[in-house]
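Worksheet: the structure to be examined is printed underneath.
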Amino acid sequence: MIFYFTGTGNSLWVAKMLSETFHETLISIATELNEKKEENLVYSLRADEKIFFVYPVHSWGPAVSIMRFIARLKLENYFHQPIYSVATCGDECGYANRLLEKALNSRQLVLTNAYSVTMPNNYILLPGFSVDSKEVEKKKLEQAPLRMAEIIKAIQTEKTLDLYHKGGTPWIKTYLVYPLFTNLAIGKNSFRVTDACISCGLCERICPTRTIRMKDGKPMWADTCVQCVACIHRCPVRAIEYGKETIKKGRYYHPGIK
Ligand SMILES: Cc1cc2nc3c(=O)[nH]c(=O)nc-3n(C[C@H](O)[C@H](O)[C@H](O)COP(=O)(O)O)c2cc1C
Ligand code: SF4
Ligand code: SF4
């Protein structure tokens with residue numbers, strides 16, 4: 001079973017690769033959270049099941065949707081089948097793995113190992129952050145399959161290799177900055193639409209939290225945004241901006257995303 005969350009497709013690419021290799025079902029966390037309103041999200045496991053959580057790192061912690069999902073997760077027939085965390089990040093993950101492990105433990109689930117895959121950066125909403133240069137983006141996309149091969153081999157051979165990149169000062173970033181992000185940024189947004197909008201409705205369809213609603217042919221944002229940045233990157237005509245911050249910044253989404 002592969003539970004995944006994605007904004008711009010990097011984590012979806014990882015999840016699909018794991019699904020093809022280990023023949024495990026892909027389950028979209030966004031869909032599950034949107035469609036299942038009962039308190040517990042219940043899934044029944046096979047005896048030989050491998051369980052994966054695949055998600056982007058947001059502000060050196062797990063994307064909040066995955067934490068919300070785990071808080072309601074109930075795995076039936078769980079007899080310590082292996083559970084893996086596979087984070088995608090632009091550069092470094094901090095201790096996102098520890099936060100995920102703690103969340104799993106609170107559901108009586110045990111993390112077997114945590115891995116990370118460096119992918120093109122998609123964070124552009126604050127000053128000082130932008131997408132990678134085309135050269136760096138290309139290099140990261142070339143390196144990612146090699147990293148995935150290492151991760152897959154480690155899982156298949158049950159070796160505990162260190163394939164997780166926490167980066168510098170992880171404690172400060174995860175335990176001080178991530179809470180600021182979840183408290184101050186989540187649920188708010190400064191998205192706006194420009195005259196370039198062609199009313200295609202793609203942003204409304206792809207928003208994982210159903211934050212966007214089309215009104216008179218233009219998108220409107222509610223206060224339920226989780227800052228996945230899918231809308232701003234995937235608009236086909238670059239009609240979405242974040243205040244004035246993103247006007248001169250590039251856009252990115254994984255080339256494999258539909
Ligand atoms: C709100 C936000 C915060 C981010 N914070 C980090 C971070 O702390 N460290 C990092 O390396 N990348 C960070 N990124 C970049 C993403 O983790 C990275 O691009 C990821 O692969 C995107 O996955 P996705 O395409 O599945 O959404 C952040 C992206 C967003 C949108
Ligand atoms: S994706 Fe872009 S063009 Fe399409 S409705 Fe949204 S803002 Fe308008
Ligand atoms: S409004 Fe945009 S950034 Fe916010 S959750 Fe929806 S797609 Fe993601």
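Each chain of the structure tokens is named A, B, ... in the order shown, its residues numbered from 1; ligands are numbered from 1 in display order.
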Ligand 3 neighbours within 6 Å using only C-alpha atoms and all ligand atoms, as a list in words
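If we count only C-alpha atoms and all ligand atoms, the neighbours of ligand 3 turn out to be Cys207, Pro208, Thr209, Thr211, Ile212, Cys225, Val226, Gln227, Cys228, Val229, Ala230 and Cys231 of chain A.
When the distance limit is 9 Å and only C-alpha atoms are what count, the residues near Gly61 of chain A, minus those fewer than 2 positions from it on the same chain, are Pro56, Val57, His58, Ser59, Ala63, Val64, Cys93, Gly94, Tyr95, Ala96, Asn97, Arg98, Leu99, Leu100, Lys173, Thr174, Tyr175, Tyr178 and Pro179 of chain A.
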Taking only C-alpha atoms into account, which of A:Trp221, A:Tyr253, A:Phe129, A:Tyr123 comes nearest Leu12 of chain A?
A:Tyr253
Would you mind listing, for every residue of segment 65-136 of chain A within 6 Å of segment 32-49 of chain A, the two atoms forming the shortest contact and the distance between them in Å to one decimal, using only C-alpha atoms, sorted by chain and ascending residue number, as JSON lines?
{"residue": "A:Arg72", "atom": "CA", "partner": "A:Asn40", "partner_atom": "CA", "distance": 4.9}
{"residue": "A:Leu73", "atom": "CA", "partner": "A:Leu41", "partner_atom": "CA", "distance": 4.9}
{"residue": "A:Lys74", "atom": "CA", "partner": "A:Val42", "partner_atom": "CA", "distance": 4.7}
{"residue": "A:Leu75", "atom": "CA", "partner": "A:Tyr43", "partner_atom": "CA", "distance": 5.1}
{"residue": "A:Glu76", "atom": "CA", "partner": "A:Ser44", "partner_atom": "CA", "distance": 4.5}
{"residue": "A:Asn77", "atom": "CA", "partner": "A:Leu45", "partner_atom": "CA", "distance": 5.4}
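Nearest to ligand 1 of all the residues A:Cys235, A:Leu109, A:Val54, A:Cys197 is A:Val54, counting only C-alpha atoms and all ligand atoms.
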Which residues in segment 28-237 of chain A does DSSP call strand (DSSP E)? List them as an MDAnalysis selection string.
chainID A and resid 28 41:44 51:58 61:62 73:76 83:89 113:118 191:193 212:215 218:221
Same residues, C-alpha atoms, output as a compact mmCIF listing (two decimals), in the first residue's frame:
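Contents of result.txt, freshly written:
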# COMPACT_ATOMS: atom_id res chain seq x y z
CA SER A 28 -3.98 9.35 -2.90
CA LEU A 41 -9.43 6.05 7.82
CA VAL A 42 -9.30 2.25 7.83
CA TYR A 43 -7.23 0.01 5.51
CA SER A 44 -6.78 -3.72 5.73
CA ILE A 51 3.50 0.13 3.43
CA PHE A 52 4.93 3.39 2.10
CA PHE A 53 4.31 7.04 2.89
CA VAL A 54 5.53 9.25 0.04
CA TYR A 55 5.32 13.00 0.46
CA PRO A 56 7.09 16.34 -0.12
CA VAL A 57 9.04 18.01 2.65
CA HIS A 58 7.47 21.36 3.51
CA GLY A 61 8.69 18.73 8.07
CA PRO A 62 6.16 16.48 6.33
CA LEU A 73 -5.16 6.23 10.13
CA LYS A 74 -6.11 2.73 11.27
CA LEU A 75 -4.36 -0.26 9.69
CA GLU A 76 -6.22 -3.53 10.19
CA ILE A 83 6.57 0.72 6.93
CA TYR A 84 8.75 3.09 4.92
CA SER A 85 8.84 6.87 4.68
CA VAL A 86 10.04 8.29 1.36
CA ALA A 87 10.28 12.09 1.35
CA THR A 88 11.02 14.23 -1.67
CA CYS A 89 12.79 17.54 -1.11
CA ASN A 113 13.21 3.14 7.67
CA ALA A 114 13.13 6.62 6.15
CA TYR A 115 14.58 7.69 2.80
CA SER A 116 14.75 10.92 0.83
CA VAL A 117 15.00 11.81 -2.84
CA THR A 118 16.27 15.21 -3.94
CA PHE A 191 -2.88 33.78 -4.38
CA ARG A 192 -4.47 35.95 -7.04
CA VAL A 193 -5.44 35.50 -10.67
CA ILE A 212 -10.18 26.71 -5.25
CA ARG A 213 -13.64 27.33 -6.65
CA MET A 214 -14.38 28.89 -10.03
CA LYS A 215 -16.63 31.95 -9.82
CA LYS A 218 -12.12 32.85 -12.47
CA PRO A 219 -10.57 30.98 -9.52
CA MET A 220 -11.25 32.06 -5.96
CA TRP A 221 -9.16 30.77 -3.03
